[in-house]
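Visitor: entry.pdb is the file, holding PDB, C-alpha atoms, pLDDT in the B column:
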ATOM      1  CA  MET A1453       0.000   0.000   0.000  1.00 33.00           C
ATOM      2  CA  LYS A1454       2.838   2.407   0.855  1.00 30.00           C
ATOM      3  CA  ARG A1455       4.500   1.621  -2.475  1.00 33.00           C
ATOM      4  CA  ILE A1456       1.295   2.484  -4.430  1.00 31.00           C
ATOM      5  CA  PHE A1457       0.923   5.698  -2.415  1.00 30.00           C
ATOM      6  CA  ALA A1458       4.570   6.611  -3.139  1.00 32.00           C
ATOM      7  CA  ILE A1459       4.092   5.928  -6.866  1.00 30.00           C
ATOM      8  CA  LEU A1460       0.901   8.021  -6.955  1.00 29.00           C
ATOM      9  CA  LEU A1461       2.645  10.855  -5.095  1.00 31.00           C
ATOM     10  CA  ALA A1462       5.606  10.720  -7.498  1.00 33.00           C
ATOM     11  CA  LEU A1463       3.236  10.788 -10.497  1.00 31.00           C
ATOM     12  CA  ALA A1464       1.332  13.737  -9.022  1.00 34.00           C
ATOM     13  CA  LEU A1465       4.582  15.655  -8.540  1.00 34.00           C
ATOM     14  CA  LEU A1466       5.747  14.782 -12.045  1.00 33.00           C
ATOM     15  CA  LEU A1467       2.432  15.863 -13.585  1.00 32.00           C
ATOM     16  CA  GLY A1468       2.491  19.049 -11.516  1.00 37.00           C
ATOM     17  CA  CYS A1469       5.959  19.883 -12.826  1.00 36.00           C
ATOM     18  CA  ALA A1470       4.931  19.094 -16.401  1.00 36.00           C
ATOM     19  CA  ALA A1471       1.866  21.313 -16.107  1.00 36.00           C
ATOM     20  CA  ALA A1472       3.913  24.172 -14.641  1.00 36.00           C
ATOM     21  CA  GLU A1473       6.562  24.050 -17.364  1.00 36.00           C
ATOM     22  CA  PRO A1474       4.488  25.601 -20.210  1.00 37.00           C
ATOM     23  CA  VAL A1475       3.522  28.506 -17.955  1.00 34.00           C
ATOM     24  CA  ALA A1476       7.195  29.185 -17.203  1.00 35.00           C
ATOM     25  CA  ALA A1477       8.079  29.023 -20.919  1.00 40.00           C
ATOM     26  CA  GLU A1478       5.220  31.416 -21.751  1.00 45.00           C
ATOM     27  CA  THR A1479       6.503  34.080 -19.356  1.00 45.00           C
ATOM     28  CA  GLU A1480       9.923  34.025 -21.052  1.00 73.00           C
ATOM     29  CA  LYS A1481       8.475  35.058 -24.408  1.00 83.00           C
ATOM     30  CA  GLU A1482       8.823  38.649 -25.509  1.00 76.00           C
ATOM     31  CA  ILE A1483       5.845  40.541 -26.897  1.00 79.00           C
ATOM     32  CA  MET A1484       6.842  41.573 -30.402  1.00 78.00           C
ATOM     33  CA  GLY A1485       3.828  43.502 -31.642  1.00 70.00           C
ATOM     34  CA  SER A1486       0.431  42.798 -33.087  1.00 72.00           C
ATOM     35  CA  VAL A1487      -1.357  42.220 -36.371  1.00 77.00           C
ATOM     36  CA  ASN A1488      -5.058  42.798 -36.896  1.00 76.00           C
ATOM     37  CA  ILE A1489      -6.722  42.051 -40.201  1.00 69.00           C
ATOM     38  CA  ASN A1490      -8.144  38.534 -39.990  1.00 65.00           C
ATOM     39  CA  GLY A1491      -8.625  38.841 -36.231  1.00 71.00           C
ATOM     40  CA  ALA A1492      -6.398  40.538 -33.694  1.00 82.00           C
ATOM     41  CA  PHE A1493      -3.232  38.690 -32.701  1.00 85.00           C
ATOM     42  CA  GLU A1494      -0.376  39.633 -30.437  1.00 86.00           C
ATOM     43  CA  LEU A1495       2.924  38.187 -31.666  1.00 88.00           C
ATOM     44  CA  ARG A1496       5.231  36.710 -29.024  1.00 89.00           C
ATOM     45  CA  CYS A1497       8.621  35.082 -29.380  1.00 89.00           C
ATOM     46  CA  ALA A1498      11.519  33.573 -27.480  1.00 90.00           C
ATOM     47  CA  LEU A1499      14.714  35.119 -28.799  1.00 91.00           C
ATOM     48  CA  PRO A1500      17.836  33.017 -29.281  1.00 91.00           C
ATOM     49  CA  GLU A1501      20.478  33.689 -26.655  1.00 91.00           C
ATOM     50  CA  GLY A1502      22.502  36.804 -27.424  1.00 91.00           C
ATOM     51  CA  TYR A1503      19.919  38.180 -29.878  1.00 93.00           C
ATOM     52  CA  GLN A1504      17.701  41.245 -29.635  1.00 92.00           C
ATOM     53  CA  LEU A1505      14.578  42.324 -31.494  1.00 91.00           C
ATOM     54  CA  LEU A1506      14.254  45.606 -33.381  1.00 92.00           C
ATOM     55  CA  THR A1507      10.725  46.328 -34.604  1.00 89.00           C
ATOM     56  CA  ILE A1508      10.852  48.167 -37.920  1.00 91.00           C
ATOM     57  CA  SER A1509       7.129  48.445 -38.619  1.00 88.00           C
ATOM     58  CA  ALA A1510       4.021  47.425 -36.706  1.00 84.00           C
ATOM     59  CA  ASP A1511       1.094  49.159 -38.393  1.00 83.00           C
ATOM     60  CA  GLY A1512      -1.525  46.541 -37.530  1.00 79.00           C
ATOM     61  CA  ALA A1513      -1.736  45.070 -41.035  1.00 80.00           C
ATOM     62  CA  GLN A1514       1.911  44.041 -41.143  1.00 88.00           C
ATOM     63  CA  TYR A1515       4.696  43.431 -38.664  1.00 89.00           C
ATOM     64  CA  ILE A1516       8.356  43.704 -39.701  1.00 92.00           C
ATOM     65  CA  ALA A1517      11.321  43.160 -37.392  1.00 93.00           C
ATOM     66  CA  LEU A1518      15.037  42.546 -37.414  1.00 95.00           C
ATOM     67  CA  VAL A1519      16.557  40.001 -35.020  1.00 94.00           C
ATOM     68  CA  THR A1520      20.257  40.689 -34.560  1.00 94.00           C
ATOM     69  CA  SER A1521      23.050  39.299 -32.459  1.00 92.00           C
ATOM     70  CA  GLU A1522      25.288  41.330 -30.211  1.00 89.00           C
ATOM     71  CA  ASP A1523      28.090  39.578 -32.127  1.00 91.00           C
ATOM     72  CA  PRO A1524      28.222  40.972 -35.714  1.00 91.00           C
ATOM     73  CA  VAL A1525      29.705  37.750 -37.124  1.00 91.00           C
ATOM     74  CA  LYS A1526      26.570  35.794 -36.202  1.00 93.00           C
ATOM     75  CA  PRO A1527      23.644  35.662 -38.651  1.00 95.00           C
ATOM     76  CA  MET A1528      20.837  38.201 -38.677  1.00 95.00           C
ATOM     77  CA  MET A1529      17.176  37.357 -39.127  1.00 96.00           C
ATOM     78  CA  PHE A1530      14.454  39.401 -40.771  1.00 96.00           C
ATOM     79  CA  LEU A1531      10.794  38.688 -39.933  1.00 95.00           C
ATOM     80  CA  SER A1532       7.754  39.810 -41.889  1.00 94.00           C
ATOM     81  CA  VAL A1533       4.166  38.917 -40.973  1.00 93.00           C
ATOM     82  CA  GLY A1534       1.366  40.275 -43.129  1.00 91.00           C
ATOM     83  CA  TYR A1535      -2.164  39.359 -44.076  1.00 90.00           C
ATOM     84  CA  ASP A1536      -2.776  38.080 -47.614  1.00 90.00           C
ATOM     85  CA  GLU A1537      -6.349  37.962 -48.903  1.00 90.00           C
ATOM     86  CA  LEU A1538      -5.394  35.084 -51.246  1.00 89.00           C
ATOM     87  CA  MET A1539      -4.378  33.016 -48.210  1.00 90.00           C
ATOM     88  CA  SER A1540      -7.371  34.005 -46.071  1.00 88.00           C
ATOM     89  CA  SER A1541      -8.946  30.538 -46.199  1.00 90.00           C
ATOM     90  CA  LEU A1542      -5.788  28.814 -44.996  1.00 91.00           C
ATOM     91  CA  ASP A1543      -5.014  27.952 -41.409  1.00 92.00           C
ATOM     92  CA  ARG A1544      -1.478  26.811 -42.274  1.00 94.00           C
ATOM     93  CA  LEU A1545       0.786  26.207 -45.261  1.00 95.00           C
ATOM     94  CA  ASN A1546       0.044  22.514 -44.659  1.00 96.00           C
ATOM     95  CA  ASP A1547      -3.404  23.114 -46.226  1.00 95.00           C
ATOM     96  CA  LEU A1548      -2.016  23.824 -49.727  1.00 95.00           C
ATOM     97  CA  ASP A1549      -1.750  21.147 -52.400  1.00 94.00           C
ATOM     98  CA  ASP A1550       1.453  20.441 -54.347  1.00 95.00           C
ATOM     99  CA  GLU A1551       0.425  22.610 -57.300  1.00 96.00           C
ATOM    100  CA  ALA A1552      -0.149  25.672 -55.120  1.00 94.00           C
ATOM    101  CA  LEU A1553       3.130  25.070 -53.267  1.00 96.00           C
ATOM    102  CA  GLU A1554       4.951  24.872 -56.617  1.00 96.00           C
ATOM    103  CA  LYS A1555       3.517  28.257 -57.661  1.00 95.00           C
ATOM    104  CA  ILE A1556       4.848  29.826 -54.470  1.00 95.00           C
ATOM    105  CA  ALA A1557       8.216  28.117 -54.976  1.00 96.00           C
ATOM    106  CA  ASP A1558       8.367  29.475 -58.536  1.00 95.00           C
ATOM    107  CA  SER A1559       7.939  33.015 -57.218  1.00 94.00           C
ATOM    108  CA  PHE A1560      11.175  32.542 -55.254  1.00 94.00           C
ATOM    109  CA  ARG A1561      12.929  31.004 -58.270  1.00 94.00           C
ATOM    110  CA  ASP A1562      12.012  34.058 -60.375  1.00 92.00           C
ATOM    111  CA  GLU A1563      14.166  36.242 -58.139  1.00 86.00           C
ATOM    112  CA  ASP A1564      17.251  34.098 -57.473  1.00 89.00           C
ATOM    113  CA  VAL A1565      18.914  30.724 -57.931  1.00 90.00           C
ATOM    114  CA  VAL A1566      17.553  28.731 -55.001  1.00 93.00           C
ATOM    115  CA  GLU A1567      16.983  25.233 -53.681  1.00 94.00           C
ATOM    116  CA  ILE A1568      13.523  24.590 -52.233  1.00 96.00           C
ATOM    117  CA  SER A1569      12.890  22.046 -49.506  1.00 96.00           C
ATOM    118  CA  TYR A1570      10.403  21.657 -46.673  1.00 97.00           C
ATOM    119  CA  ALA A1571      10.766  21.470 -42.917  1.00 97.00           C
ATOM    120  CA  TYR A1572       8.336  21.507 -40.022  1.00 97.00           C
ATOM    121  CA  THR A1573       8.172  23.482 -36.810  1.00 96.00           C
ATOM    122  CA  ALA A1574       8.172  21.575 -33.541  1.00 95.00           C
ATOM    123  CA  TYR A1575       4.359  21.760 -33.685  1.00 94.00           C
ATOM    124  CA  GLY A1576       3.947  20.445 -37.232  1.00 95.00           C
ATOM    125  CA  THR A1577       3.553  23.644 -39.245  1.00 95.00           C
ATOM    126  CA  LYS A1578       5.015  23.220 -42.726  1.00 97.00           C
ATOM    127  CA  LEU A1579       7.820  25.601 -43.694  1.00 97.00           C
ATOM    128  CA  MET A1580       9.023  26.193 -47.232  1.00 97.00           C
ATOM    129  CA  VAL A1581      12.806  26.486 -46.923  1.00 97.00           C
ATOM    130  CA  VAL A1582      14.312  28.580 -49.718  1.00 96.00           C
ATOM    131  CA  LYS A1583      18.099  28.349 -49.702  1.00 94.00           C
ATOM    132  CA  GLU A1584      20.395  30.333 -51.959  1.00 90.00           C
ATOM    133  CA  ALA A1585      22.107  27.860 -54.302  1.00 83.00           C
ATOM    134  CA  ARG A1586      25.564  29.355 -54.632  1.00 80.00           C
ATOM    135  CA  GLU A1587      29.002  28.356 -53.406  1.00 76.00           C
ATOM    136  CA  GLU A1588      28.442  30.240 -50.154  1.00 77.00           C
ATOM    137  CA  THR A1589      24.850  30.565 -49.022  1.00 77.00           C
ATOM    138  CA  ASP A1590      24.072  34.172 -48.094  1.00 87.00           C
ATOM    139  CA  PHE A1591      20.434  33.602 -47.140  1.00 93.00           C
ATOM    140  CA  VAL A1592      17.884  30.993 -46.155  1.00 95.00           C
ATOM    141  CA  ASP A1593      14.271  32.118 -46.400  1.00 97.00           C
ATOM    142  CA  PHE A1594      11.553  30.342 -44.409  1.00 97.00           C
ATOM    143  CA  TYR A1595       7.998  30.845 -45.658  1.00 97.00           C
ATOM    144  CA  THR A1596       4.743  29.695 -44.102  1.00 96.00           C
ATOM    145  CA  VAL A1597       1.132  30.727 -43.579  1.00 95.00           C
ATOM    146  CA  TYR A1598      -0.870  31.008 -40.371  1.00 91.00           C
ATOM    147  CA  LYS A1599      -4.580  31.973 -40.347  1.00 90.00           C
ATOM    148  CA  GLY A1600      -4.236  33.910 -43.622  1.00 89.00           C
ATOM    149  CA  TYR A1601      -1.043  35.669 -42.541  1.00 90.00           C
ATOM    150  CA  GLU A1602       2.082  35.090 -44.594  1.00 93.00           C
ATOM    151  CA  VAL A1603       5.115  34.623 -42.376  1.00 95.00           C
ATOM    152  CA  GLU A1604       8.534  35.070 -43.929  1.00 96.00           C
ATOM    153  CA  PHE A1605      11.689  34.698 -41.898  1.00 96.00           C
ATOM    154  CA  VAL A1606      14.996  35.324 -43.662  1.00 96.00           C
ATOM    155  CA  LEU A1607      18.293  34.179 -42.164  1.00 95.00           C
ATOM    156  CA  THR A1608      21.272  36.118 -43.558  1.00 95.00           C
ATOM    157  CA  ARG A1609      24.976  36.323 -42.846  1.00 91.00           C
ATOM    158  CA  GLY A1610      26.103  38.770 -40.163  1.00 89.00           C
ATOM    159  CA  THR A1611      27.237  42.322 -40.850  1.00 87.00           C
ATOM    160  CA  ASP A1612      30.924  41.719 -40.153  1.00 86.00           C
ATOM    161  CA  GLU A1613      33.316  40.866 -43.013  1.00 82.00           C
ATOM    162  CA  GLU A1614      34.239  37.728 -41.066  1.00 83.00           C
ATOM    163  CA  SER A1615      30.585  36.694 -40.709  1.00 85.00           C
ATOM    164  CA  LEU A1616      29.911  33.045 -40.052  1.00 83.00           C
ATOM    165  CA  PRO A1617      28.500  30.780 -42.770  1.00 86.00           C
ATOM    166  CA  LEU A1618      24.850  29.771 -42.516  1.00 90.00           C
ATOM    167  CA  THR A1619      25.277  26.295 -41.098  1.00 90.00           C
ATOM    168  CA  ASP A1620      22.597  23.702 -40.356  1.00 92.00           C
ATOM    169  CA  ALA A1621      22.822  24.767 -36.704  1.00 93.00           C
ATOM    170  CA  TYR A1622      21.686  28.288 -37.641  1.00 93.00           C
ATOM    171  CA  VAL A1623      18.904  26.861 -39.813  1.00 95.00           C
ATOM    172  CA  GLU A1624      17.754  24.821 -36.789  1.00 96.00           C
ATOM    173  CA  MET A1625      17.939  27.977 -34.626  1.00 95.00           C
ATOM    174  CA  ALA A1626      15.636  29.746 -37.110  1.00 95.00           C
ATOM    175  CA  ILE A1627      13.190  26.826 -37.128  1.00 96.00           C
ATOM    176  CA  ALA A1628      13.211  26.819 -33.320  1.00 94.00           C
ATOM    177  CA  PHE A1629      12.444  30.560 -33.338  1.00 94.00           C
ATOM    178  CA  LEU A1630       9.495  29.994 -35.682  1.00 94.00           C
ATOM    179  CA  SER A1631       8.333  27.024 -33.602  1.00 94.00           C
ATOM    180  CA  GLU A1632       8.122  29.219 -30.519  1.00 91.00           C
ATOM    181  CA  MET A1633       6.614  32.297 -32.196  1.00 91.00           C
ATOM    182  CA  ASP A1634       3.020  32.561 -31.018  1.00 90.00           C
ATOM    183  CA  PHE A1635      -0.018  34.247 -32.517  1.00 88.00           C
ATOM    184  CA  VAL A1636      -1.963  34.955 -29.324  1.00 88.00           C
ATOM    185  CA  PRO A1637      -5.595  36.010 -29.951  1.00 87.00           C
ATOM    186  CA  VAL A1638      -6.362  39.373 -28.380  1.00 83.00           C
ATOM    187  CA  ALA A1639      -9.596  39.474 -26.385  1.00 74.00           C
ATOM    188  CA  GLU A1640     -11.875  42.153 -27.723  1.00 56.00           C
TER     189      GLU A1640
END
Go ahead and express the file in the form of structure tokens.
Guide:
Amino acid sequence: MKRIFAILLALALLLGCAAAEPVAAETEKEIMGSVNINGAFELRCALPEGYQLLTISADGAQYIALVTSEDPVKPMMFLSVGYDELMSSLDRLNDLDDEALEKIADSFRDEDVVEISYAYTAYGTKLMVVKEAREETDFVDFYTVYKGYEVEFVLTRGTDEESLPLTDAYVEMAIAFLSEMDFVPVAE
């Protein structure tokens, strides 16, 4: 009987810790700004260590920000979130068929020589990964859709002449950033 009680107590403590963890993670997220076309959302994010957020524009219809490191050799990231009437019926990029995805991919190919692949956030949202196809990659562009809003997140080399190459670790950092970026509905 004591053993069952000890197991139940241990499970209760474990479940209590697991339930408390998301609340702690939520308080660490920075409020970025808001967008309000297809419903009002507050954007929140967890910045990578050593990075800061500079909001460039937050006019309600679109949010644009620069995420930079204190170290100029580390990559920079550029975020744009804006409503697109053509995407208004979509909850996520996952909802598009292959033909529609190919049309979006072609729009990136029209501007540069790129390789297109797909990745997923930690929560299953599909990301189109557009990587410059040159000897040294200068940018990786992540594109997705959420509730009619186009989300584009561009990873570029740092500002220093000795800037670091865009390695898979930096690509994973960008995907982690997008995984933890929240669209929080604003109560009216």
Visitor: For segment 1553-1565 of chain A, what centre and edge lengths in Å (one decimal) does the axis-aligned box get once 8 Å is added on each side of all its listed atoms, as JSON?
Guide:
{"center_x": 11.0, "center_y": 30.6, "center_z": -56.8, "size_x": 31.8, "size_y": 27.4, "size_z": 23.1}
Visitor: At a cut-off of 7 Å around the point (16.6, 32.8, -40.6) (file coordinates), what residues fall inside when counting only C-alpha atoms? I'd like the answer as a CSV table (one decimal) with C-alpha atoms, in the coordinates of the input.
Guide:
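Result went into out.csv, see below:
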chain,number,residue,atom,x,y,z
A,1529,MET,CA,17.2,37.4,-39.1
A,1530,PHE,CA,14.5,39.4,-40.8
A,1592,VAL,CA,17.9,31.0,-46.2
A,1593,ASP,CA,14.3,32.1,-46.4
A,1594,PHE,CA,11.6,30.3,-44.4
A,1605,PHE,CA,11.7,34.7,-41.9
A,1606,VAL,CA,15.0,35.3,-43.7
A,1607,LEU,CA,18.3,34.2,-42.2
A,1608,THR,CA,21.3,36.1,-43.6
A,1623,VAL,CA,18.9,26.9,-39.8
A,1626,ALA,CA,15.6,29.7,-37.1
Visitor: Extract, using all atoms listed in the file, all DNA, RNA and protein residues at most 9 Å from Thr1573 of chain A, discarding same-chain residues fewer than 2 positions from it, and format them as a ChimeraX atom specification.
Guide: /A:1571,1575-1579,1627-1632
Visitor: Apply the PyMOL selection byres ((chain A and resi 1534-1544) around 8) to the file shown and report the selected residues as an MDAnalysis selection string.
Guide: chainID A and resid 1487 1489:1490 1513:1515 1532:1533 1545:1548 1577:1578 1596:1603
Visitor: Name the closest residue to Gly1610 of chain A among the candidates A:Asp1634, A:Glu1494, A:Asp1549, A:Asp1590; distances are taken between atoms, counting all atoms listed in the file.
Guide: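 Checking each candidate against Gly1610 of chain A, we get A:Asp1590 as the closest.
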Visitor: Tell me which of A:Glu1480, A:Glu1563, A:Glu1604, A:Glu1584 sits closest to Ile1516 of chain A, counting all atoms listed in the file.
Guide: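 That would be A:Glu1604, the residue with the smallest distance to Ile1516 of chain A.
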Visitor: Mind telling me what the PyMOL selection byres ((chain A and resi 1612-1616) around 7) catches here, as a ChimeraX atom specification?
Guide: /A:1524-1527,1609-1611,1617-1618
Visitor: Please evaluate the PyMOL selection byres ((chain A and resi 1637) around 7) against the displayed coordinates and give the resulting residues as a PDB file with C-alpha atoms, keeping the file's coordinate frame.
Guide:
ATOM      1  CA  ALA A1492      -6.398  40.538 -33.694  1.00 82.00           C
ATOM      2  CA  PHE A1493      -3.232  38.690 -32.701  1.00 85.00           C
ATOM      3  CA  GLU A1494      -0.376  39.633 -30.437  1.00 86.00           C
ATOM      4  CA  PHE A1635      -0.018  34.247 -32.517  1.00 88.00           C
ATOM      5  CA  VAL A1636      -1.963  34.955 -29.324  1.00 88.00           C
ATOM      6  CA  VAL A1638      -6.362  39.373 -28.380  1.00 83.00           C
ATOM      7  CA  ALA A1639      -9.596  39.474 -26.385  1.00 74.00           C
TER       8      ALA A1639
END
Visitor: So how far away is atom CA of Phe1591 of chain A from atom CA of Glu1522 of chain A, in Å?
Guide: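 So the two atoms, atom CA of Glu1522 of chain A and atom CA of Phe1591 of chain A, lie 19.2 Å apart.
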Visitor: If you measure from atom CA of Ile1556 of chain A to atom CA of Pro1500 of chain A, what distance in Å do you get, rounded to one decimal?
Guide: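 Here the two named atoms are 28.5 Å from each other.
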Visitor: Do a neighbour search on Gly1502 of chain A at 9 Å with only C-alpha atoms, toss out local chain neighbours closer than 2 positions, and write the hits as a PyMOL selection string.
Guide: chain A and resi 1499-1500+1504+1520-1523
Visitor: Record the distance separating atom CA of Phe1560 of chain A and atom CA of Met1580 of chain A, expressed in Å with one decimal.
Guide: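 One can read the atom CA of Phe1560 of chain A to atom CA of Met1580 of chain A distance as 10.5 Å.
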Visitor: Nearest to Val1566 of chain A: which of A:Ala1621, A:Val1581, A:Ala1552, A:Ala1498 is it, counting only C-alpha atoms?
Guide: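 Selected residue with least distance to Val1566 of chain A: A:Val1581.
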Visitor: Hey, which of A:Asp1511, A:Glu1501, A:Asp1620, A:Glu1588 ends up closest to Gly1485 of chain A? Count all atoms listed in the file.
Guide: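 So, comparing all the options, the nearest one is A:Asp1511.
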Visitor: Complete the atoms of segment 1525-1541 of chain A to N, CA, C and O atoms and put them out as a PDB file, in the coordinates of the input.
Guide:
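New file result_2.pdb:
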ATOM      1  N   VAL A1525      29.361  38.859 -36.224  1.00 91.00           N
ATOM      2  CA  VAL A1525      29.705  37.750 -37.124  1.00 91.00           C
ATOM      3  C   VAL A1525      28.591  36.708 -37.185  1.00 91.00           C
ATOM      4  O   VAL A1525      28.534  35.910 -38.114  1.00 91.00           O
ATOM      5  N   LYS A1526      27.685  36.745 -36.212  1.00 93.00           N
ATOM      6  CA  LYS A1526      26.570  35.794 -36.202  1.00 93.00           C
ATOM      7  C   LYS A1526      25.478  36.251 -37.162  1.00 93.00           C
ATOM      8  O   LYS A1526      25.314  37.443 -37.411  1.00 93.00           O
ATOM      9  N   PRO A1527      24.698  35.312 -37.687  1.00 95.00           N
ATOM     10  CA  PRO A1527      23.644  35.662 -38.651  1.00 95.00           C
ATOM     11  C   PRO A1527      22.594  36.606 -38.080  1.00 95.00           C
ATOM     12  O   PRO A1527      22.357  36.656 -36.873  1.00 95.00           O
ATOM     13  N   MET A1528      21.971  37.338 -38.994  1.00 95.00           N
ATOM     14  CA  MET A1528      20.837  38.201 -38.677  1.00 95.00           C
ATOM     15  C   MET A1528      19.585  37.507 -39.199  1.00 95.00           C
ATOM     16  O   MET A1528      19.659  36.660 -40.090  1.00 95.00           O
ATOM     17  N   MET A1529      18.439  37.915 -38.681  1.00 96.00           N
ATOM     18  CA  MET A1529      17.176  37.357 -39.127  1.00 96.00           C
ATOM     19  C   MET A1529      16.183  38.497 -39.347  1.00 96.00           C
ATOM     20  O   MET A1529      16.145  39.446 -38.555  1.00 96.00           O
ATOM     21  N   PHE A1530      15.433  38.392 -40.404  1.00 96.00           N
ATOM     22  CA  PHE A1530      14.454  39.401 -40.771  1.00 96.00           C
ATOM     23  C   PHE A1530      13.087  38.731 -40.800  1.00 96.00           C
ATOM     24  O   PHE A1530      12.897  37.724 -41.479  1.00 96.00           O
ATOM     25  N   LEU A1531      12.131  39.270 -40.052  1.00 95.00           N
ATOM     26  CA  LEU A1531      10.794  38.688 -39.933  1.00 95.00           C
ATOM     27  C   LEU A1531       9.757  39.622 -40.526  1.00 95.00           C
ATOM     28  O   LEU A1531       9.767  40.825 -40.258  1.00 95.00           O
ATOM     29  N   SER A1532       8.876  39.062 -41.333  1.00 94.00           N
ATOM     30  CA  SER A1532       7.754  39.810 -41.889  1.00 94.00           C
ATOM     31  C   SER A1532       6.493  38.966 -41.719  1.00 94.00           C
ATOM     32  O   SER A1532       6.466  37.800 -42.102  1.00 94.00           O
ATOM     33  N   VAL A1533       5.464  39.572 -41.140  1.00 93.00           N
ATOM     34  CA  VAL A1533       4.166  38.917 -40.973  1.00 93.00           C
ATOM     35  C   VAL A1533       3.112  39.871 -41.522  1.00 93.00           C
ATOM     36  O   VAL A1533       3.008  41.005 -41.060  1.00 93.00           O
ATOM     37  N   GLY A1534       2.384  39.420 -42.536  1.00 91.00           N
ATOM     38  CA  GLY A1534       1.366  40.275 -43.129  1.00 91.00           C
ATOM     39  C   GLY A1534       0.206  39.458 -43.663  1.00 91.00           C
ATOM     40  O   GLY A1534       0.383  38.337 -44.132  1.00 91.00           O
ATOM     41  N   TYR A1535      -0.960  40.042 -43.616  1.00 90.00           N
ATOM     42  CA  TYR A1535      -2.164  39.359 -44.076  1.00 90.00           C
ATOM     43  C   TYR A1535      -2.207  39.347 -45.594  1.00 90.00           C
ATOM     44  O   TYR A1535      -1.865  40.328 -46.258  1.00 90.00           O
ATOM     45  N   ASP A1536      -2.636  38.226 -46.167  1.00 90.00           N
ATOM     46  CA  ASP A1536      -2.776  38.080 -47.614  1.00 90.00           C
ATOM     47  C   ASP A1536      -4.173  37.545 -47.904  1.00 90.00           C
ATOM     48  O   ASP A1536      -4.504  36.417 -47.513  1.00 90.00           O
ATOM     49  N   GLU A1537      -4.968  38.338 -48.587  1.00 90.00           N
ATOM     50  CA  GLU A1537      -6.349  37.962 -48.903  1.00 90.00           C
ATOM     51  C   GLU A1537      -6.408  36.625 -49.642  1.00 90.00           C
ATOM     52  O   GLU A1537      -7.319  35.829 -49.435  1.00 90.00           O
ATOM     53  N   LEU A1538      -5.413  36.350 -50.503  1.00 89.00           N
ATOM     54  CA  LEU A1538      -5.394  35.084 -51.246  1.00 89.00           C
ATOM     55  C   LEU A1538      -5.195  33.874 -50.326  1.00 89.00           C
ATOM     56  O   LEU A1538      -5.535  32.755 -50.688  1.00 89.00           O
ATOM     57  N   MET A1539      -4.634  34.100 -49.157  1.00 90.00           N
ATOM     58  CA  MET A1539      -4.378  33.016 -48.210  1.00 90.00           C
ATOM     59  C   MET A1539      -5.413  32.982 -47.083  1.00 90.00           C
ATOM     60  O   MET A1539      -5.310  32.190 -46.157  1.00 90.00           O
ATOM     61  N   SER A1540      -6.422  33.829 -47.171  1.00 88.00           N
ATOM     62  CA  SER A1540      -7.371  34.005 -46.071  1.00 88.00           C
ATOM     63  C   SER A1540      -8.093  32.734 -45.646  1.00 88.00           C
ATOM     64  O   SER A1540      -8.494  32.603 -44.494  1.00 88.00           O
ATOM     65  N   SER A1541      -8.243  31.775 -46.541  1.00 90.00           N
ATOM     66  CA  SER A1541      -8.946  30.538 -46.199  1.00 90.00           C
ATOM     67  C   SER A1541      -8.015  29.488 -45.584  1.00 90.00           C
ATOM     68  O   SER A1541      -8.485  28.417 -45.184  1.00 90.00           O
TER      69      SER A1541
END
